[in-house]
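structure06.cif (mmCIF, N, CA and C atoms) appears below.
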```
data_input
#
loop_
_atom_site.label_atom_id
_atom_site.label_comp_id
_atom_site.auth_asym_id
_atom_site.auth_seq_id
_atom_site.Cartn_x
_atom_site.Cartn_y
_atom_site.Cartn_z
N MET A 1396 5.56 -0.84 -13.42
CA MET A 1396 6.29 -0.79 -12.15
C MET A 1396 5.44 -1.50 -11.09
N ARG A 1397 6.06 -2.37 -10.34
CA ARG A 1397 5.38 -3.15 -9.29
C ARG A 1397 5.44 -2.36 -7.98
N ILE A 1398 4.28 -1.85 -7.55
CA ILE A 1398 4.22 -0.95 -6.39
C ILE A 1398 3.29 -1.51 -5.32
N PHE A 1399 3.80 -1.55 -4.09
CA PHE A 1399 2.98 -1.92 -2.94
C PHE A 1399 2.28 -0.68 -2.42
N PHE A 1400 0.97 -0.77 -2.24
CA PHE A 1400 0.18 0.35 -1.72
C PHE A 1400 -0.07 0.13 -0.24
N ASP A 1401 0.43 1.05 0.58
CA ASP A 1401 0.20 1.00 2.01
C ASP A 1401 -1.27 1.30 2.29
N VAL A 1402 -1.73 0.83 3.43
CA VAL A 1402 -3.15 0.95 3.78
C VAL A 1402 -3.64 2.40 3.75
N ASN A 1403 -2.79 3.35 4.16
CA ASN A 1403 -3.25 4.74 4.21
C ASN A 1403 -3.58 5.28 2.83
N ILE A 1404 -2.89 4.82 1.81
CA ILE A 1404 -3.16 5.28 0.44
C ILE A 1404 -4.50 4.72 -0.05
N ILE A 1405 -4.76 3.46 0.24
CA ILE A 1405 -6.04 2.84 -0.14
C ILE A 1405 -7.19 3.58 0.55
N LEU A 1406 -7.03 3.82 1.85
CA LEU A 1406 -8.09 4.51 2.60
C LEU A 1406 -8.24 5.96 2.13
N ASP A 1407 -7.13 6.62 1.84
CA ASP A 1407 -7.21 8.00 1.33
C ASP A 1407 -8.06 8.05 0.07
N PHE A 1408 -7.89 7.07 -0.81
CA PHE A 1408 -8.64 7.05 -2.06
C PHE A 1408 -10.13 6.80 -1.81
N PHE A 1409 -10.44 5.73 -1.11
CA PHE A 1409 -11.84 5.34 -0.97
C PHE A 1409 -12.62 6.21 0.02
N LEU A 1410 -11.93 6.81 0.97
CA LEU A 1410 -12.62 7.72 1.91
C LEU A 1410 -12.47 9.18 1.50
N GLU A 1411 -11.73 9.42 0.42
CA GLU A 1411 -11.49 10.78 -0.10
C GLU A 1411 -11.07 11.73 1.02
N ARG A 1412 -10.03 11.32 1.72
CA ARG A 1412 -9.62 12.07 2.92
C ARG A 1412 -8.26 12.74 2.79
N SER A 1413 -7.66 12.67 1.61
CA SER A 1413 -6.31 13.21 1.44
C SER A 1413 -6.36 14.69 1.07
N PRO A 1414 -5.45 15.50 1.63
CA PRO A 1414 -5.34 16.89 1.18
C PRO A 1414 -4.83 16.98 -0.26
N ASN A 1415 -4.23 15.89 -0.75
CA ASN A 1415 -3.73 15.81 -2.13
C ASN A 1415 -4.54 14.77 -2.91
N GLN A 1416 -5.86 14.89 -2.85
CA GLN A 1416 -6.73 13.87 -3.44
C GLN A 1416 -6.49 13.67 -4.93
N THR A 1417 -6.17 14.74 -5.65
CA THR A 1417 -5.96 14.58 -7.10
C THR A 1417 -4.74 13.70 -7.38
N VAL A 1418 -3.72 13.78 -6.54
CA VAL A 1418 -2.54 12.93 -6.71
C VAL A 1418 -2.90 11.47 -6.41
N ILE A 1419 -3.65 11.26 -5.34
CA ILE A 1419 -4.10 9.90 -4.99
C ILE A 1419 -4.93 9.33 -6.14
N ASN A 1420 -5.86 10.14 -6.65
CA ASN A 1420 -6.69 9.69 -7.77
C ASN A 1420 -5.85 9.32 -8.99
N SER A 1421 -4.78 10.10 -9.24
CA SER A 1421 -3.88 9.81 -10.36
C SER A 1421 -3.21 8.45 -10.21
N LEU A 1422 -2.82 8.11 -8.98
CA LEU A 1422 -2.21 6.80 -8.74
C LEU A 1422 -3.17 5.68 -9.13
N PHE A 1423 -4.42 5.83 -8.72
CA PHE A 1423 -5.41 4.79 -9.00
C PHE A 1423 -5.74 4.73 -10.50
N GLU A 1424 -5.69 5.86 -11.18
CA GLU A 1424 -5.86 5.86 -12.63
C GLU A 1424 -4.73 5.08 -13.30
N LYS A 1425 -3.53 5.22 -12.77
CA LYS A 1425 -2.38 4.50 -13.34
C LYS A 1425 -2.51 2.99 -13.10
N VAL A 1426 -3.10 2.61 -11.97
CA VAL A 1426 -3.38 1.19 -11.73
C VAL A 1426 -4.43 0.71 -12.74
N ASP A 1427 -5.48 1.50 -12.93
CA ASP A 1427 -6.53 1.13 -13.90
C ASP A 1427 -5.98 0.96 -15.30
N LYS A 1428 -5.05 1.84 -15.68
CA LYS A 1428 -4.45 1.79 -17.03
C LYS A 1428 -3.29 0.80 -17.12
N GLN A 1429 -3.02 0.11 -16.02
CA GLN A 1429 -1.94 -0.87 -15.91
C GLN A 1429 -0.56 -0.26 -16.15
N GLU A 1430 -0.44 1.04 -15.85
CA GLU A 1430 0.87 1.69 -15.87
C GLU A 1430 1.61 1.39 -14.57
N ILE A 1431 0.86 1.06 -13.54
CA ILE A 1431 1.39 0.59 -12.26
C ILE A 1431 0.71 -0.74 -11.97
N ALA A 1432 1.50 -1.74 -11.59
CA ALA A 1432 0.94 -2.98 -11.07
C ALA A 1432 0.85 -2.80 -9.56
N GLY A 1433 -0.36 -2.70 -9.05
CA GLY A 1433 -0.57 -2.44 -7.63
C GLY A 1433 -0.66 -3.72 -6.82
N PHE A 1434 -0.02 -3.71 -5.66
CA PHE A 1434 0.00 -4.87 -4.78
C PHE A 1434 -0.42 -4.47 -3.37
N VAL A 1435 -1.11 -5.37 -2.69
CA VAL A 1435 -1.46 -5.22 -1.28
C VAL A 1435 -1.32 -6.58 -0.61
N THR A 1436 -1.36 -6.58 0.70
CA THR A 1436 -1.40 -7.83 1.46
C THR A 1436 -2.80 -8.00 2.02
N ILE A 1437 -3.07 -9.20 2.49
CA ILE A 1437 -4.36 -9.45 3.13
C ILE A 1437 -4.51 -8.57 4.36
N SER A 1438 -3.43 -8.31 5.09
CA SER A 1438 -3.54 -7.45 6.27
C SER A 1438 -3.93 -6.03 5.89
N VAL A 1439 -3.49 -5.55 4.73
CA VAL A 1439 -3.93 -4.23 4.25
C VAL A 1439 -5.43 -4.26 4.01
N ILE A 1440 -5.92 -5.33 3.39
CA ILE A 1440 -7.36 -5.44 3.13
C ILE A 1440 -8.13 -5.51 4.44
N GLN A 1441 -7.63 -6.26 5.41
CA GLN A 1441 -8.31 -6.37 6.70
C GLN A 1441 -8.38 -5.02 7.41
N THR A 1442 -7.29 -4.29 7.40
CA THR A 1442 -7.28 -2.97 8.04
C THR A 1442 -8.22 -2.02 7.31
N CYS A 1443 -8.20 -2.06 5.99
CA CYS A 1443 -9.14 -1.23 5.22
C CYS A 1443 -10.57 -1.57 5.59
N ALA A 1444 -10.88 -2.87 5.66
CA ALA A 1444 -12.24 -3.30 5.99
C ALA A 1444 -12.68 -2.71 7.33
N PHE A 1445 -11.82 -2.75 8.31
CA PHE A 1445 -12.15 -2.23 9.64
C PHE A 1445 -12.56 -0.75 9.56
N TYR A 1446 -11.74 0.06 8.91
CA TYR A 1446 -12.02 1.50 8.84
C TYR A 1446 -13.15 1.82 7.87
N LEU A 1447 -13.25 1.07 6.79
CA LEU A 1447 -14.33 1.31 5.84
C LEU A 1447 -15.69 1.01 6.46
N ILE A 1448 -15.79 -0.08 7.22
CA ILE A 1448 -17.06 -0.42 7.87
C ILE A 1448 -17.48 0.69 8.83
N GLN A 1449 -16.53 1.25 9.56
CA GLN A 1449 -16.86 2.35 10.47
C GLN A 1449 -17.37 3.57 9.71
N ALA A 1450 -16.78 3.83 8.55
CA ALA A 1450 -17.12 5.04 7.80
C ALA A 1450 -18.29 4.86 6.85
N LYS A 1451 -18.43 3.67 6.27
CA LYS A 1451 -19.39 3.48 5.17
C LYS A 1451 -20.41 2.39 5.41
N GLY A 1452 -20.25 1.59 6.47
CA GLY A 1452 -21.15 0.47 6.70
C GLY A 1452 -20.68 -0.78 5.97
N SER A 1453 -21.28 -1.89 6.32
CA SER A 1453 -20.84 -3.19 5.82
C SER A 1453 -21.09 -3.38 4.33
N LYS A 1454 -22.27 -3.04 3.85
CA LYS A 1454 -22.61 -3.29 2.44
C LYS A 1454 -21.66 -2.56 1.49
N VAL A 1455 -21.48 -1.26 1.70
CA VAL A 1455 -20.59 -0.46 0.85
C VAL A 1455 -19.16 -0.95 1.00
N SER A 1456 -18.76 -1.29 2.22
CA SER A 1456 -17.39 -1.76 2.46
C SER A 1456 -17.09 -3.04 1.70
N LYS A 1457 -18.06 -3.95 1.66
CA LYS A 1457 -17.86 -5.19 0.89
C LYS A 1457 -17.66 -4.88 -0.59
N GLU A 1458 -18.41 -3.94 -1.10
CA GLU A 1458 -18.25 -3.55 -2.51
C GLU A 1458 -16.86 -2.97 -2.75
N ILE A 1459 -16.41 -2.12 -1.84
CA ILE A 1459 -15.08 -1.50 -1.97
C ILE A 1459 -13.98 -2.56 -1.89
N ILE A 1460 -14.11 -3.49 -0.95
CA ILE A 1460 -13.11 -4.56 -0.82
C ILE A 1460 -13.07 -5.39 -2.10
N GLY A 1461 -14.23 -5.62 -2.71
CA GLY A 1461 -14.27 -6.31 -4.00
C GLY A 1461 -13.51 -5.55 -5.07
N VAL A 1462 -13.67 -4.23 -5.09
CA VAL A 1462 -12.95 -3.39 -6.05
C VAL A 1462 -11.44 -3.51 -5.82
N ILE A 1463 -11.03 -3.44 -4.56
CA ILE A 1463 -9.60 -3.56 -4.23
C ILE A 1463 -9.06 -4.89 -4.74
N CYS A 1464 -9.80 -5.96 -4.51
CA CYS A 1464 -9.34 -7.29 -4.93
C CYS A 1464 -9.27 -7.42 -6.45
N ARG A 1465 -10.12 -6.71 -7.16
CA ARG A 1465 -10.07 -6.77 -8.63
C ARG A 1465 -8.94 -5.90 -9.19
N LYS A 1466 -8.64 -4.77 -8.54
CA LYS A 1466 -7.63 -3.84 -9.06
C LYS A 1466 -6.21 -4.22 -8.67
N PHE A 1467 -6.05 -4.84 -7.50
CA PHE A 1467 -4.73 -5.09 -6.94
C PHE A 1467 -4.43 -6.58 -6.86
N GLN A 1468 -3.15 -6.89 -6.96
CA GLN A 1468 -2.70 -8.26 -6.75
C GLN A 1468 -2.33 -8.43 -5.29
N LEU A 1469 -2.57 -9.63 -4.78
CA LEU A 1469 -2.22 -9.92 -3.39
C LEU A 1469 -0.83 -10.54 -3.33
N VAL A 1470 -0.02 -10.06 -2.40
CA VAL A 1470 1.27 -10.69 -2.13
C VAL A 1470 1.20 -11.32 -0.75
N GLU A 1471 1.84 -12.45 -0.64
CA GLU A 1471 1.83 -13.18 0.62
C GLU A 1471 3.17 -13.04 1.32
N GLY A 1472 3.09 -13.09 2.62
CA GLY A 1472 4.30 -13.07 3.43
C GLY A 1472 4.60 -14.47 3.95
N SER A 1473 5.76 -14.59 4.51
CA SER A 1473 6.20 -15.87 5.07
C SER A 1473 6.67 -15.66 6.51
N LYS A 1474 6.91 -16.76 7.17
CA LYS A 1474 7.47 -16.69 8.51
C LYS A 1474 8.81 -15.95 8.48
N MET A 1475 9.59 -16.18 7.43
CA MET A 1475 10.89 -15.52 7.30
C MET A 1475 10.73 -14.00 7.19
N ASP A 1476 9.70 -13.54 6.46
CA ASP A 1476 9.44 -12.09 6.37
C ASP A 1476 9.16 -11.51 7.74
N VAL A 1477 8.33 -12.21 8.52
CA VAL A 1477 7.99 -11.74 9.87
C VAL A 1477 9.22 -11.74 10.75
N MET A 1478 10.01 -12.81 10.70
CA MET A 1478 11.22 -12.88 11.53
C MET A 1478 12.23 -11.80 11.13
N SER A 1479 12.36 -11.56 9.83
CA SER A 1479 13.26 -10.49 9.37
C SER A 1479 12.81 -9.15 9.92
N ALA A 1480 11.50 -8.92 9.93
CA ALA A 1480 10.96 -7.66 10.44
C ALA A 1480 11.22 -7.52 11.94
N VAL A 1481 10.99 -8.59 12.67
CA VAL A 1481 11.17 -8.56 14.12
C VAL A 1481 12.64 -8.36 14.48
N GLU A 1482 13.53 -8.93 13.68
CA GLU A 1482 14.96 -8.84 13.96
C GLU A 1482 15.61 -7.58 13.38
N SER A 1483 14.83 -6.80 12.65
CA SER A 1483 15.38 -5.57 12.05
C SER A 1483 15.39 -4.44 13.08
N GLU A 1484 16.01 -3.34 12.69
CA GLU A 1484 16.08 -2.18 13.60
C GLU A 1484 14.79 -1.36 13.58
N HIS A 1485 13.86 -1.70 12.70
CA HIS A 1485 12.63 -0.92 12.56
C HIS A 1485 11.70 -1.15 13.74
N GLU A 1486 11.19 -0.07 14.31
CA GLU A 1486 10.32 -0.17 15.47
C GLU A 1486 8.87 -0.48 15.10
N ASP A 1487 8.42 -0.01 13.94
CA ASP A 1487 7.05 -0.28 13.51
C ASP A 1487 7.03 -1.65 12.84
N ILE A 1488 6.59 -2.65 13.58
CA ILE A 1488 6.66 -4.03 13.10
C ILE A 1488 5.77 -4.23 11.88
N GLU A 1489 4.59 -3.63 11.86
CA GLU A 1489 3.69 -3.80 10.71
C GLU A 1489 4.35 -3.29 9.43
N ASP A 1490 4.92 -2.09 9.48
CA ASP A 1490 5.61 -1.55 8.31
C ASP A 1490 6.81 -2.42 7.93
N ALA A 1491 7.54 -2.89 8.93
CA ALA A 1491 8.71 -3.73 8.66
C ALA A 1491 8.29 -5.04 7.99
N ILE A 1492 7.19 -5.64 8.44
CA ILE A 1492 6.70 -6.86 7.81
C ILE A 1492 6.37 -6.59 6.35
N HIS A 1493 5.67 -5.49 6.09
CA HIS A 1493 5.35 -5.16 4.70
C HIS A 1493 6.62 -4.91 3.88
N PHE A 1494 7.59 -4.25 4.47
CA PHE A 1494 8.86 -4.00 3.79
C PHE A 1494 9.50 -5.32 3.35
N PHE A 1495 9.59 -6.28 4.27
CA PHE A 1495 10.25 -7.55 3.94
C PHE A 1495 9.40 -8.41 3.00
N ILE A 1496 8.08 -8.31 3.09
CA ILE A 1496 7.21 -8.99 2.12
C ILE A 1496 7.49 -8.43 0.72
N CYS A 1497 7.64 -7.12 0.63
CA CYS A 1497 7.94 -6.50 -0.66
C CYS A 1497 9.27 -6.98 -1.22
N LEU A 1498 10.28 -7.06 -0.37
CA LEU A 1498 11.58 -7.56 -0.83
C LEU A 1498 11.47 -8.99 -1.35
N SER A 1499 10.70 -9.82 -0.66
CA SER A 1499 10.56 -11.23 -1.05
C SER A 1499 9.75 -11.42 -2.32
N ASN A 1500 8.98 -10.41 -2.70
CA ASN A 1500 8.09 -10.54 -3.85
C ASN A 1500 8.48 -9.65 -5.02
N ASP A 1501 9.73 -9.20 -5.03
CA ASP A 1501 10.25 -8.39 -6.15
C ASP A 1501 9.42 -7.14 -6.42
N ILE A 1502 8.91 -6.54 -5.36
CA ILE A 1502 8.19 -5.27 -5.48
C ILE A 1502 9.25 -4.19 -5.71
N GLN A 1503 8.95 -3.25 -6.61
CA GLN A 1503 9.93 -2.23 -6.99
C GLN A 1503 9.83 -0.95 -6.18
N GLY A 1504 8.76 -0.79 -5.41
CA GLY A 1504 8.61 0.41 -4.60
C GLY A 1504 7.36 0.32 -3.75
N ILE A 1505 7.31 1.18 -2.76
CA ILE A 1505 6.17 1.26 -1.85
C ILE A 1505 5.66 2.69 -1.90
N VAL A 1506 4.34 2.87 -1.89
CA VAL A 1506 3.77 4.21 -1.81
C VAL A 1506 3.00 4.32 -0.50
N THR A 1507 3.29 5.38 0.24
CA THR A 1507 2.69 5.60 1.55
C THR A 1507 2.71 7.08 1.89
N SER A 1508 1.88 7.46 2.82
CA SER A 1508 1.97 8.82 3.37
C SER A 1508 2.42 8.76 4.84
N ASP A 1509 2.81 7.58 5.29
CA ASP A 1509 3.28 7.35 6.65
C ASP A 1509 4.74 7.79 6.74
N LYS A 1510 4.98 8.88 7.47
CA LYS A 1510 6.33 9.43 7.58
C LYS A 1510 7.34 8.42 8.14
N GLY A 1511 6.89 7.60 9.08
CA GLY A 1511 7.78 6.59 9.64
C GLY A 1511 8.17 5.54 8.62
N PHE A 1512 7.20 5.12 7.82
CA PHE A 1512 7.46 4.12 6.78
C PHE A 1512 8.42 4.69 5.74
N LEU A 1513 8.26 5.97 5.40
CA LEU A 1513 9.13 6.61 4.40
C LEU A 1513 10.60 6.52 4.81
N LYS A 1514 10.87 6.54 6.11
CA LYS A 1514 12.25 6.49 6.61
C LYS A 1514 12.91 5.14 6.38
N MET A 1515 12.12 4.11 6.06
CA MET A 1515 12.67 2.77 5.84
C MET A 1515 13.24 2.59 4.43
N ALA A 1516 13.09 3.57 3.57
CA ALA A 1516 13.50 3.45 2.17
C ALA A 1516 14.97 3.04 2.05
N LYS A 1517 15.22 2.19 1.09
CA LYS A 1517 16.58 1.73 0.76
C LYS A 1517 16.76 1.87 -0.74
N PRO A 1518 18.00 1.93 -1.21
CA PRO A 1518 18.22 2.03 -2.66
C PRO A 1518 17.55 0.89 -3.44
N HIS A 1519 17.52 -0.31 -2.86
CA HIS A 1519 16.94 -1.47 -3.55
C HIS A 1519 15.43 -1.57 -3.36
N LEU A 1520 14.84 -0.73 -2.48
CA LEU A 1520 13.39 -0.69 -2.31
C LEU A 1520 12.99 0.73 -1.90
N PRO A 1521 12.79 1.59 -2.90
CA PRO A 1521 12.40 2.97 -2.58
C PRO A 1521 10.98 3.03 -2.01
N ILE A 1522 10.78 3.99 -1.14
CA ILE A 1522 9.46 4.23 -0.57
C ILE A 1522 9.09 5.66 -0.91
N PHE A 1523 7.97 5.81 -1.59
CA PHE A 1523 7.55 7.09 -2.15
C PHE A 1523 6.33 7.66 -1.44
N THR A 1524 6.26 8.99 -1.40
CA THR A 1524 4.98 9.63 -1.15
C THR A 1524 4.20 9.52 -2.46
N PRO A 1525 2.89 9.73 -2.43
CA PRO A 1525 2.14 9.69 -3.69
C PRO A 1525 2.69 10.66 -4.74
N LEU A 1526 3.03 11.88 -4.33
CA LEU A 1526 3.54 12.87 -5.28
C LEU A 1526 4.89 12.44 -5.85
N GLU A 1527 5.77 11.89 -5.00
CA GLU A 1527 7.07 11.41 -5.48
C GLU A 1527 6.90 10.29 -6.51
N LEU A 1528 5.96 9.39 -6.25
CA LEU A 1528 5.76 8.29 -7.19
C LEU A 1528 5.24 8.80 -8.53
N ILE A 1529 4.25 9.68 -8.50
CA ILE A 1529 3.71 10.25 -9.74
C ILE A 1529 4.83 10.96 -10.51
N SER A 1530 5.65 11.73 -9.80
CA SER A 1530 6.75 12.46 -10.44
C SER A 1530 7.78 11.51 -11.05
N SER A 1531 8.04 10.39 -10.39
CA SER A 1531 9.05 9.44 -10.88
C SER A 1531 8.57 8.71 -12.13
N LEU A 1532 7.29 8.69 -12.38
CA LEU A 1532 6.74 7.98 -13.53
C LEU A 1532 6.68 8.82 -14.79
N LYS A 1533 7.00 10.11 -14.67
CA LYS A 1533 6.92 11.01 -15.83
C LYS A 1533 8.13 10.89 -16.71
#
```

For this file, produce the structure as structure tokens.
Amino acid sequence: MRIFFDVNIILDFFLERSPNQTVINSLFEKVDKQEIAGFVTISVIQTCAFYLIQAKGSKVSKEIIGVICRKFQLVEGSKMDVMSAVESEHEDIEDAIHFFICLSNDIQGIVTSDKGFLKMAKPHLPIFTPLELISSLK
């Protein structure tokens, strides 16, 4: 299953900050076992880098970013994705851009803990909490 990982899920894993850490860890195990094809954008990596450097320093953050790049595939957006996001009814432009990038790249679902992002779910692009995604894979 081709799944886009929102920045909060990546940070939850590497900063071990989730109240449901075992579920987050299970998602990453599924990526390792190639049961999930994980995708991120460069903007997700940039946002992760910002918060990781604050929490862990530059050296450790570079190592973590390297791990992310090895585990996940990068998807690119286009001007059309950005324009679709801006012209959509969604108020969170960053989430909307990621939503339209996912549509353009045949992503089958998004995993996030962002309640606002969860509201963007559509039948053709489901948006899961980590627990919902793990449950759907059983």

* To do: Considering only C-alpha atoms, return as number ranges by chain whatever protein or nucleic-acid residues lie within 9 Å of Val1470 in chain A, sequence-local ones (same chain, fewer than 4 positions apart) excluded.
  => A: 1399, 1434-1437, 1496-1497, 1500

Could the residues in this selection be written to a file with N, CA and C atoms, as a CSV table (one decimal), keeping the file's coordinate frame?
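Ended up saving to part_17.csv:
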```csv
chain,number,residue,atom,x,y,z
A,1399,PHE,N,3.8,-1.6,-4.1
A,1399,PHE,CA,3.0,-1.9,-2.9
A,1399,PHE,C,2.3,-0.7,-2.4
A,1434,PHE,N,0.0,-3.7,-5.7
A,1434,PHE,CA,0.0,-4.9,-4.8
A,1434,PHE,C,-0.4,-4.5,-3.4
A,1435,VAL,N,-1.1,-5.4,-2.7
A,1435,VAL,CA,-1.5,-5.2,-1.3
A,1435,VAL,C,-1.3,-6.6,-0.6
A,1436,THR,N,-1.4,-6.6,0.7
A,1436,THR,CA,-1.4,-7.8,1.5
A,1436,THR,C,-2.8,-8.0,2.0
A,1437,ILE,N,-3.1,-9.2,2.5
A,1437,ILE,CA,-4.4,-9.4,3.1
A,1437,ILE,C,-4.5,-8.6,4.4
A,1496,ILE,N,8.1,-8.3,3.1
A,1496,ILE,CA,7.2,-9.0,2.1
A,1496,ILE,C,7.5,-8.4,0.7
A,1497,CYS,N,7.6,-7.1,0.6
A,1497,CYS,CA,7.9,-6.5,-0.7
A,1497,CYS,C,9.3,-7.0,-1.2
A,1500,ASN,N,9.0,-10.4,-2.7
A,1500,ASN,CA,8.1,-10.5,-3.8
A,1500,ASN,C,8.5,-9.6,-5.0
```

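Comparing the minimum interatomic distances between Leu1422 in chain A and each of A:Ile1459, A:Met1515, A:Ile1492, A:Met1396, counting only C-alpha atoms, we find that A:Met1396 sits nearest.
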
* Using all atoms listed in the file, which residue out of A:Val1426, A:Leu1513, A:Ile1505, A:Leu1447 lies closest to Phe1409 in chain A? ->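 Closest residue, counting all atoms listed in the file: A:Leu1447.
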
* Structure fact -> From atom C of Leu1410 in chain A to atom N of Lys1451 in chain A the spacing works out at 9.4 Å

* Name the residues in contact with Ser1530 in chain A at a cut-off of 12 Å, using only C-alpha atoms, excluding same-chain residues fewer than 6 positions from it; report them as a PyMOL selection string. => chain A and resi 1418+1421-1422+1523-1524

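What separates CA of Gly1461 in chain A from CA of Val1477 in chain A is a distance of 26.8 Å.
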
* To do: Take atom N of Ala1432 in chain A and atom N of Ser1413 in chain A and report the distance between them in Å, one decimal.
  =>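 Distance between the two atoms: 21.6 Å.
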
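If you measure from each of A:Phe1400, A:Phe1495, A:Phe1512, A:Phe1467 to Ser1479 in chain A using all atoms listed in the file, the closest one turns out to be A:Phe1495.
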
* Asked: Which of range 1411-1475 of chain A counts as helix (DSSP H, G or I) under DSSP, as a VMD selection string please?
  -> chain A and resid 1416 to 1427 1437 to 1451 1453 to 1466 1474 to 1475
